[in-house]
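Source file: target24.cif; contents: mmCIF, C-alpha atoms; chains and numbers go by the auth columns.
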data_entry
loop_
_atom_site.group_PDB
_atom_site.id
_atom_site.type_symbol
_atom_site.label_atom_id
_atom_site.label_comp_id
_atom_site.label_asym_id
_atom_site.label_seq_id
_atom_site.Cartn_x
_atom_site.Cartn_y
_atom_site.Cartn_z
_atom_site.B_iso_or_equiv
_atom_site.auth_seq_id
_atom_site.auth_asym_id
ATOM 1 C CA MET A 1 -3.397 -170.428 -71.916 0.00 7 A
ATOM 2 C CA THR A 2 -4.069 -171.172 -68.251 0.00 8 A
ATOM 3 C CA ASN A 3 -7.693 -172.031 -69.006 0.00 9 A
ATOM 4 C CA HIS A 4 -6.484 -174.435 -71.651 0.00 10 A
ATOM 5 C CA ARG A 5 -4.294 -176.301 -69.091 0.00 11 A
ATOM 6 C CA TYR A 6 -7.200 -176.580 -66.643 0.00 12 A
ATOM 7 C CA LEU A 7 -9.395 -177.966 -69.378 0.00 13 A
ATOM 8 C CA ILE A 8 -6.806 -180.634 -70.289 0.00 14 A
ATOM 9 C CA LEU A 9 -6.320 -181.491 -66.594 0.00 15 A
ATOM 10 C CA LEU A 10 -10.108 -181.768 -66.065 0.00 16 A
ATOM 11 C CA ILE A 11 -10.515 -184.016 -69.138 0.00 17 A
ATOM 12 C CA SER A 12 -7.637 -186.237 -67.923 0.00 18 A
ATOM 13 C CA ILE A 13 -9.184 -186.616 -64.454 0.00 19 A
ATOM 14 C CA LEU A 14 -12.633 -187.384 -65.853 0.00 20 A
ATOM 15 C CA SER A 15 -11.200 -189.866 -68.313 0.00 21 A
ATOM 16 C CA ALA A 16 -9.253 -191.672 -65.577 0.00 22 A
ATOM 17 C CA SER A 17 -12.268 -191.788 -63.240 0.00 23 A
ATOM 18 C CA CYS A 18 -14.468 -193.228 -66.008 0.00 24 A
ATOM 19 C CA ASN A 19 -11.920 -195.937 -66.710 0.00 25 A
ATOM 20 C CA LEU A 20 -11.707 -196.817 -63.013 0.00 26 A
ATOM 21 C CA SER A 21 -15.452 -197.142 -62.629 0.00 27 A
ATOM 22 C CA ASN A 22 -15.761 -199.318 -65.745 0.00 28 A
ATOM 23 C CA THR A 23 -12.933 -201.536 -64.478 0.00 29 A
ATOM 24 C CA GLU A 24 -14.518 -201.785 -61.024 0.00 30 A
ATOM 25 C CA LEU A 25 -17.891 -202.644 -62.540 0.00 31 A
ATOM 26 C CA SER A 26 -16.456 -205.323 -64.797 0.00 32 A
ATOM 27 C CA GLN A 27 -14.708 -206.923 -61.814 0.00 33 A
ATOM 28 C CA LYS A 28 -17.966 -207.137 -59.832 0.00 34 A
ATOM 29 C CA ASN A 29 -20.293 -209.945 -60.778 0.00 35 A
ATOM 30 C CA ILE A 30 -23.682 -208.221 -60.882 0.00 36 A
ATOM 31 C CA GLU A 31 -26.585 -210.601 -61.458 0.00 37 A
ATOM 32 C CA TYR A 32 -29.860 -209.527 -62.984 0.00 38 A
ATOM 33 C CA SER A 33 -32.793 -210.713 -60.873 0.00 39 A
ATOM 34 C CA GLY A 34 -35.678 -209.320 -62.893 0.00 40 A
ATOM 35 C CA PRO A 35 -37.918 -211.162 -65.335 0.00 41 A
ATOM 36 C CA ASP A 36 -36.518 -212.666 -68.533 0.00 42 A
ATOM 37 C CA LEU A 37 -39.873 -212.147 -70.235 0.00 43 A
ATOM 38 C CA GLU A 38 -42.569 -209.606 -69.473 0.00 44 A
ATOM 39 C CA VAL A 39 -45.907 -209.285 -71.258 0.00 45 A
ATOM 40 C CA ILE A 40 -48.251 -206.365 -70.664 0.00 46 A
ATOM 41 C CA ASN A 41 -51.982 -206.938 -71.299 0.00 47 A
ATOM 42 C CA LEU A 42 -51.709 -210.690 -71.784 0.00 48 A
ATOM 43 C CA ASN A 43 -54.663 -212.287 -73.580 0.00 49 A
ATOM 44 C CA THR A 44 -54.025 -215.911 -74.534 0.00 50 A
ATOM 45 C CA SER A 45 -55.898 -219.167 -74.990 0.00 51 A
ATOM 46 C CA PHE A 46 -54.921 -222.789 -74.443 0.00 52 A
ATOM 47 C CA SER A 47 -56.456 -225.503 -76.573 0.00 53 A
ATOM 48 C CA ASP A 48 -56.575 -229.285 -76.657 0.00 54 A
ATOM 49 C CA SER A 49 -57.609 -231.247 -79.768 0.00 55 A
ATOM 50 C CA ALA A 50 -58.507 -228.003 -81.555 0.00 56 A
ATOM 51 C CA ARG A 51 -60.890 -226.912 -78.760 0.00 57 A
ATOM 52 C CA THR A 52 -60.257 -223.936 -76.523 0.00 58 A
ATOM 53 C CA ARG A 53 -59.925 -225.070 -72.912 0.00 59 A
ATOM 54 C CA PHE A 54 -58.836 -221.865 -71.144 0.00 60 A
ATOM 55 C CA SER A 55 -58.579 -218.193 -71.866 0.00 61 A
ATOM 56 C CA LEU A 56 -56.211 -216.168 -69.665 0.00 62 A
ATOM 57 C CA LYS A 57 -56.142 -212.401 -69.256 0.00 63 A
ATOM 58 C CA ALA A 58 -53.661 -210.470 -67.129 0.00 64 A
ATOM 59 C CA ASP A 59 -52.382 -206.906 -66.943 0.00 65 A
ATOM 60 C CA LEU A 60 -48.846 -208.209 -66.394 0.00 66 A
ATOM 61 C CA TYR A 61 -47.216 -211.621 -66.936 0.00 67 A
ATOM 62 C CA GLN A 62 -43.577 -212.313 -66.008 0.00 68 A
ATOM 63 C CA VAL A 63 -41.282 -215.319 -66.527 0.00 69 A
ATOM 64 C CA PHE A 64 -38.059 -215.605 -64.513 0.00 70 A
ATOM 65 C CA ASN A 65 -34.808 -217.469 -65.157 0.00 71 A
ATOM 66 C CA ASP A 66 -35.654 -220.133 -62.551 0.00 72 A
ATOM 67 C CA GLY A 67 -38.873 -221.025 -64.413 0.00 73 A
ATOM 68 C CA LYS A 68 -41.151 -219.114 -62.060 0.00 74 A
ATOM 69 C CA GLU A 69 -44.139 -217.481 -63.772 0.00 75 A
ATOM 70 C CA LEU A 70 -45.955 -214.576 -62.116 0.00 76 A
ATOM 71 C CA TYR A 71 -49.169 -212.722 -62.659 0.00 77 A
ATOM 72 C CA PRO A 72 -48.365 -209.982 -60.104 0.00 78 A
ATOM 73 C CA SER A 73 -51.369 -207.781 -60.973 0.00 79 A
ATOM 74 C CA GLY A 74 -53.853 -210.628 -61.002 0.00 80 A
ATOM 75 C CA LEU A 75 -55.291 -213.139 -63.417 0.00 81 A
ATOM 76 C CA LYS A 76 -58.709 -213.745 -64.950 0.00 82 A
ATOM 77 C CA MET A 77 -59.467 -217.072 -66.578 0.00 83 A
ATOM 78 C CA ASP A 78 -62.412 -218.456 -68.530 0.00 84 A
ATOM 79 C CA ILE A 79 -62.761 -222.240 -68.369 0.00 85 A
ATOM 80 C CA PHE A 80 -64.466 -223.769 -71.398 0.00 86 A
ATOM 81 C CA SER A 81 -66.588 -226.903 -71.688 0.00 87 A
ATOM 82 C CA LYS A 82 -65.011 -230.052 -73.122 0.00 88 A
ATOM 83 C CA GLU A 83 -68.166 -230.761 -75.131 0.00 89 A
ATOM 84 C CA ASP A 84 -68.897 -227.413 -76.735 0.00 90 A
ATOM 85 C CA LYS A 85 -67.363 -223.965 -77.017 0.00 91 A
ATOM 86 C CA SER A 86 -69.233 -222.413 -74.095 0.00 92 A
ATOM 87 C CA ILE A 87 -67.627 -220.922 -71.003 0.00 93 A
ATOM 88 C CA LYS A 88 -68.448 -223.100 -67.977 0.00 94 A
ATOM 89 C CA ALA A 89 -66.603 -221.300 -65.195 0.00 95 A
ATOM 90 C CA LYS A 90 -64.740 -218.089 -64.426 0.00 96 A
ATOM 91 C CA PHE A 91 -61.758 -217.644 -62.132 0.00 97 A
ATOM 92 C CA SER A 92 -60.047 -214.506 -60.827 0.00 98 A
ATOM 93 C CA ALA A 93 -57.387 -213.639 -58.241 0.00 99 A
ATOM 94 C CA ASN A 94 -55.263 -210.641 -57.248 0.00 100 A
ATOM 95 C CA TYR A 95 -51.916 -212.499 -57.517 0.00 101 A
ATOM 96 C CA VAL A 96 -50.965 -215.807 -59.161 0.00 102 A
ATOM 97 C CA ILE A 97 -47.696 -217.727 -59.338 0.00 103 A
ATOM 98 C CA ARG A 98 -47.129 -220.857 -61.427 0.00 104 A
ATOM 99 C CA ASN A 99 -44.830 -223.673 -60.358 0.00 105 A
ATOM 100 C CA SER A 100 -43.656 -224.899 -63.767 0.00 106 A
ATOM 101 C CA GLU A 101 -41.824 -227.977 -62.439 0.00 107 A
ATOM 102 C CA GLU A 102 -44.948 -229.498 -60.893 0.00 108 A
ATOM 103 C CA ASN A 103 -47.419 -227.614 -63.125 0.00 109 A
ATOM 104 C CA PHE A 104 -49.705 -226.000 -60.587 0.00 110 A
ATOM 105 C CA TYR A 105 -50.828 -222.441 -59.960 0.00 111 A
ATOM 106 C CA ARG A 106 -51.199 -220.767 -56.541 0.00 112 A
ATOM 107 C CA ALA A 107 -53.687 -217.909 -56.472 0.00 113 A
ATOM 108 C CA GLU A 108 -53.856 -215.421 -53.612 0.00 114 A
ATOM 109 C CA GLY A 109 -56.019 -212.487 -52.614 0.00 115 A
ATOM 110 C CA ASN A 110 -59.735 -212.180 -53.364 0.00 116 A
ATOM 111 C CA VAL A 111 -59.876 -215.514 -55.186 0.00 117 A
ATOM 112 C CA ILE A 112 -63.214 -216.192 -56.892 0.00 118 A
ATOM 113 C CA LEU A 113 -64.313 -219.315 -58.765 0.00 119 A
ATOM 114 C CA TYR A 114 -67.751 -219.079 -60.369 0.00 120 A
ATOM 115 C CA ASN A 115 -69.756 -221.709 -62.273 0.00 121 A
ATOM 116 C CA ILE A 116 -72.001 -220.110 -64.883 0.00 122 A
ATOM 117 C CA ASP A 117 -74.607 -222.919 -65.058 0.00 123 A
ATOM 118 C CA THR A 118 -75.114 -223.512 -61.328 0.00 124 A
ATOM 119 C CA GLU A 119 -74.266 -219.918 -60.299 0.00 125 A
ATOM 120 C CA ASN A 120 -72.215 -221.347 -57.418 0.00 126 A
ATOM 121 C CA GLU A 121 -69.524 -218.927 -56.294 0.00 127 A
ATOM 122 C CA LEU A 122 -66.442 -219.814 -54.236 0.00 128 A
ATOM 123 C CA ARG A 123 -64.523 -217.118 -52.353 0.00 129 A
ATOM 124 C CA THR A 124 -61.247 -217.713 -50.533 0.00 130 A
ATOM 125 C CA GLU A 125 -57.845 -216.104 -49.973 0.00 131 A
ATOM 126 C CA GLU A 126 -55.736 -218.919 -51.473 0.00 132 A
ATOM 127 C CA LEU A 127 -56.534 -221.524 -54.110 0.00 133 A
ATOM 128 C CA PHE A 128 -54.402 -224.045 -56.001 0.00 134 A
ATOM 129 C CA TRP A 129 -55.192 -225.052 -59.580 0.00 135 A
ATOM 130 C CA TYR A 130 -53.819 -228.322 -60.983 0.00 136 A
ATOM 131 C CA PRO A 131 -54.464 -228.271 -64.759 0.00 137 A
ATOM 132 C CA ASN A 132 -53.188 -231.828 -65.370 0.00 138 A
ATOM 133 C CA GLU A 133 -55.565 -233.201 -62.744 0.00 139 A
ATOM 134 C CA GLU A 134 -58.312 -230.709 -63.707 0.00 140 A
ATOM 135 C CA LYS A 135 -58.992 -229.697 -60.105 0.00 141 A
ATOM 136 C CA PHE A 136 -58.899 -226.822 -57.631 0.00 142 A
ATOM 137 C CA SER A 137 -58.082 -227.162 -53.932 0.00 143 A
ATOM 138 C CA THR A 138 -57.329 -225.153 -50.806 0.00 144 A
ATOM 139 C CA ASN A 139 -56.780 -225.656 -47.092 0.00 145 A
ATOM 140 C CA LYS A 140 -57.912 -222.102 -46.288 0.00 146 A
ATOM 141 C CA PHE A 141 -61.309 -220.845 -45.168 0.00 147 A
ATOM 142 C CA VAL A 142 -63.905 -220.871 -47.966 0.00 148 A
ATOM 143 C CA THR A 143 -67.412 -219.597 -48.519 0.00 149 A
ATOM 144 C CA ILE A 144 -69.547 -220.988 -51.320 0.00 150 A
ATOM 145 C CA LYS A 145 -72.733 -219.235 -52.275 0.00 151 A
ATOM 146 C CA SER A 146 -75.217 -221.512 -53.997 0.00 152 A
ATOM 147 C CA GLU A 147 -78.821 -220.877 -55.017 0.00 153 A
ATOM 148 C CA ASN A 148 -80.297 -220.191 -51.556 0.00 154 A
ATOM 149 C CA GLU A 149 -77.453 -221.075 -49.209 0.00 155 A
ATOM 150 C CA ILE A 150 -74.019 -220.006 -48.125 0.00 156 A
ATOM 151 C CA HIS A 151 -71.696 -222.860 -47.152 0.00 157 A
ATOM 152 C CA SER A 152 -68.481 -222.232 -45.216 0.00 158 A
ATOM 153 C CA GLY A 153 -65.589 -224.203 -43.832 0.00 159 A
ATOM 154 C CA GLU A 154 -61.903 -225.016 -43.955 0.00 160 A
ATOM 155 C CA GLY A 155 -60.495 -226.546 -47.119 0.00 161 A
ATOM 156 C CA MET A 156 -62.152 -227.467 -50.391 0.00 162 A
ATOM 157 C CA VAL A 157 -61.601 -229.680 -53.428 0.00 163 A
ATOM 158 C CA SER A 158 -63.481 -229.258 -56.701 0.00 164 A
ATOM 159 C CA ASN A 159 -63.368 -230.307 -60.296 0.00 165 A
ATOM 160 C CA GLN A 160 -62.090 -227.781 -62.809 0.00 166 A
ATOM 161 C CA ASP A 161 -65.439 -226.320 -63.885 0.00 167 A
ATOM 162 C CA PHE A 162 -66.686 -226.158 -60.269 0.00 168 A
ATOM 163 C CA THR A 163 -69.737 -228.372 -60.888 0.00 169 A
ATOM 164 C CA GLU A 164 -68.704 -230.759 -58.092 0.00 170 A
ATOM 165 C CA TYR A 165 -67.017 -229.738 -54.855 0.00 171 A
ATOM 166 C CA GLU A 166 -66.452 -230.856 -51.293 0.00 172 A
ATOM 167 C CA ILE A 167 -65.749 -228.660 -48.267 0.00 173 A
ATOM 168 C CA LEU A 168 -63.267 -230.672 -46.204 0.00 174 A
ATOM 169 C CA LYS A 169 -64.191 -229.275 -42.767 0.00 175 A
ATOM 170 C CA PRO A 170 -67.645 -227.696 -43.061 0.00 176 A
ATOM 171 C CA SER A 171 -68.553 -225.196 -40.370 0.00 177 A
ATOM 172 C CA GLY A 172 -72.041 -224.116 -41.324 0.00 178 A
ATOM 173 C CA ILE A 173 -74.794 -223.431 -43.799 0.00 179 A
ATOM 174 C CA ILE A 174 -76.761 -220.223 -43.897 0.00 180 A
ATOM 175 C CA GLU A 175 -80.091 -220.271 -45.728 0.00 181 A
ATOM 176 C CA ILE A 176 -80.910 -217.165 -47.725 0.00 182 A
ATOM 177 C CA ASP A 177 -84.540 -216.125 -47.890 0.00 183 A
ATOM 178 C CA GLU A 178 -84.870 -213.883 -50.910 0.00 184 A
ATOM 179 C CA ASP A 179 -88.587 -213.160 -50.408 0.00 185 A
#
Since I need it in another form, could you write the structure as structure tokens?
Amino acid sequence: MTNHRYLILLISILSASCNLSNTELSQKNIEYSGPDLEVINLNTSFSDSARTRFSLKADLYQVFNDGKELYPSGLKMDIFSKEDKSIKAKFSANYVIRNSEENFYRAEGNVILYNIDTENELRTEELFWYPNEEKFSTNKFVTIKSENEIHSGEGMVSNQDFTEYEILKPSGIIEIDED
């Protein structure tokens, strides 16, 4: 009989403590700060006038309540030609965030932009992509490897497929002798 009383007392205490914690939790305004949408192994394409313009691949894609879009594990993008269905350029970065209000992307960490036809390759630590204006730009240090030269400097602006570019503050050209 004594064990039975202890059991009832223990159940009463546990029941009361559970009710207190639920009441305390409901009185606190706890806000969720994680992503509203999360996609693992994203593989998507964007088209215009029934032609593929971009193909995006990412291990993780997140969208937050404030409109922020993240590619926290990096992003790889194929940029297609307007004229045909061929891939003209490739882009990759370790981390990308999209500003949805102004529609631009900021890429950070081991950023590479490569044109397939010219074989020009840009490397930098930060690059902005403006899809509406079809351009890339940065104020950071860049190196661009072309056929037999390496160009370097501060800042760069290029068209979207990286066929035309300008280094804003060039600092040097290194000729490569491959013989």
Task: Selected residue, from A:Trp135, A:Phe60, A:Phe86, A:Phe70, that lies nearest to A:Val163 when counting all atoms listed in the file - done: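 Among A:Trp135, A:Phe60, A:Phe86, A:Phe70, it is A:Trp135 that comes nearest to A:Val163.
Between atom CA of A:Arg112 and atom CA of A:Gly80 there is a distance of 11.4 Å.
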Open item on the list: So the first atom is atom CA of A:Phe142 and the second is atom CA of A:Ser164; what is the distance between them in Å, to one decimal place?
Closed with: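 Value for the atom CA of A:Phe142-atom CA of A:Ser164 distance: 5.3 Å.
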- [ ] Provide the atom CA of A:Leu62 to atom CA of A:Lys82 distance in Å, to one decimal place.
- [x] 5.9 Å
Open item on the list: Taking the file as I've supplied it (selection: the PyMOL selection byres ((chain A and resi 123) around 10)), which residues are included? Please answer as a count of residues only.
Closed with: 12
Open item on the list: Once the PyMOL selection byres ((chain A and resi 74) around 9) is applied to the coordinates I shared, what remains selected? I want it as a list in words.
Closed with: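 Listing what the PyMOL selection byres ((chain A and resi 74) around 9) selects in the shown file: Gln68, Val69, Phe70, Asn71, Asp72, Gly73, Glu75, Leu76, Ile103, Arg104, Asn105, Ser106 and Glu107 of chain A.
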- [ ] To verify the selection step, state as a count of residues only which residues the PyMOL selection byres ((chain A and resi 83) around 8) yields on this input.
- [x] 11
TODO: Select, from A:Glu127, A:Val117, A:Lys88, A:Ile46, the residue with the minimum atom-to-atom distance to A:Asn154, counting all atoms listed in the file.
DONE: A:Glu127
TODO: Point out the residue among A:Ile118, A:Ile150, A:Ala64, A:Leu48 with the least atom-to-atom distance to A:Glu172, counting all atoms listed in the file.
DONE: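 Nearest to A:Glu172: A:Ile150.
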Open item on the list: Would you pick out the contacts of A:Ile173 at 9 Å or less, using only C-alpha atoms, so that residues sharing its chain but fewer than 3 positions from it are not included, and give the list as a list in words?
Closed with: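 In the requested form, the answer reads Val148, His157, Ser158, Gly159, Glu160, Gly161, Met162, Val163, Ser164 and Pro176 of chain A.
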Any chance you could export the current selection's C-alpha atoms as a PDB file, in the frame of the given file?
ATOM      1  CA  VAL A 148     -63.905-220.871 -47.966  1.00  0.00           C
ATOM      2  CA  HIS A 157     -71.696-222.860 -47.152  1.00  0.00           C
ATOM      3  CA  SER A 158     -68.481-222.232 -45.216  1.00  0.00           C
ATOM      4  CA  GLY A 159     -65.589-224.203 -43.832  1.00  0.00           C
ATOM      5  CA  GLU A 160     -61.903-225.016 -43.955  1.00  0.00           C
ATOM      6  CA  GLY A 161     -60.495-226.546 -47.119  1.00  0.00           C
ATOM      7  CA  MET A 162     -62.152-227.467 -50.391  1.00  0.00           C
ATOM      8  CA  VAL A 163     -61.601-229.680 -53.428  1.00  0.00           C
ATOM      9  CA  SER A 164     -63.481-229.258 -56.701  1.00  0.00           C
ATOM     10  CA  PRO A 176     -67.645-227.696 -43.061  1.00  0.00           C
TER      11      PRO A 176
END
TODO: Compare A:Arg59, A:Phe110, A:Gly115, A:Ile156 by their minimum atom-to-atom distance to A:Ser143, counting all atoms listed in the file, and give me the closest one.
DONE: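 Checking each of A:Arg59, A:Phe110, A:Gly115, A:Ile156 against A:Ser143, counting all atoms listed in the file, the winner is A:Phe110.
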Task: Pick from A:Asp65, A:Leu133, A:Lys146, A:Tyr77 nearest to A:Pro41, counting only C-alpha atoms - done: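 Smallest separation from A:Pro41 among the options: A:Tyr77.
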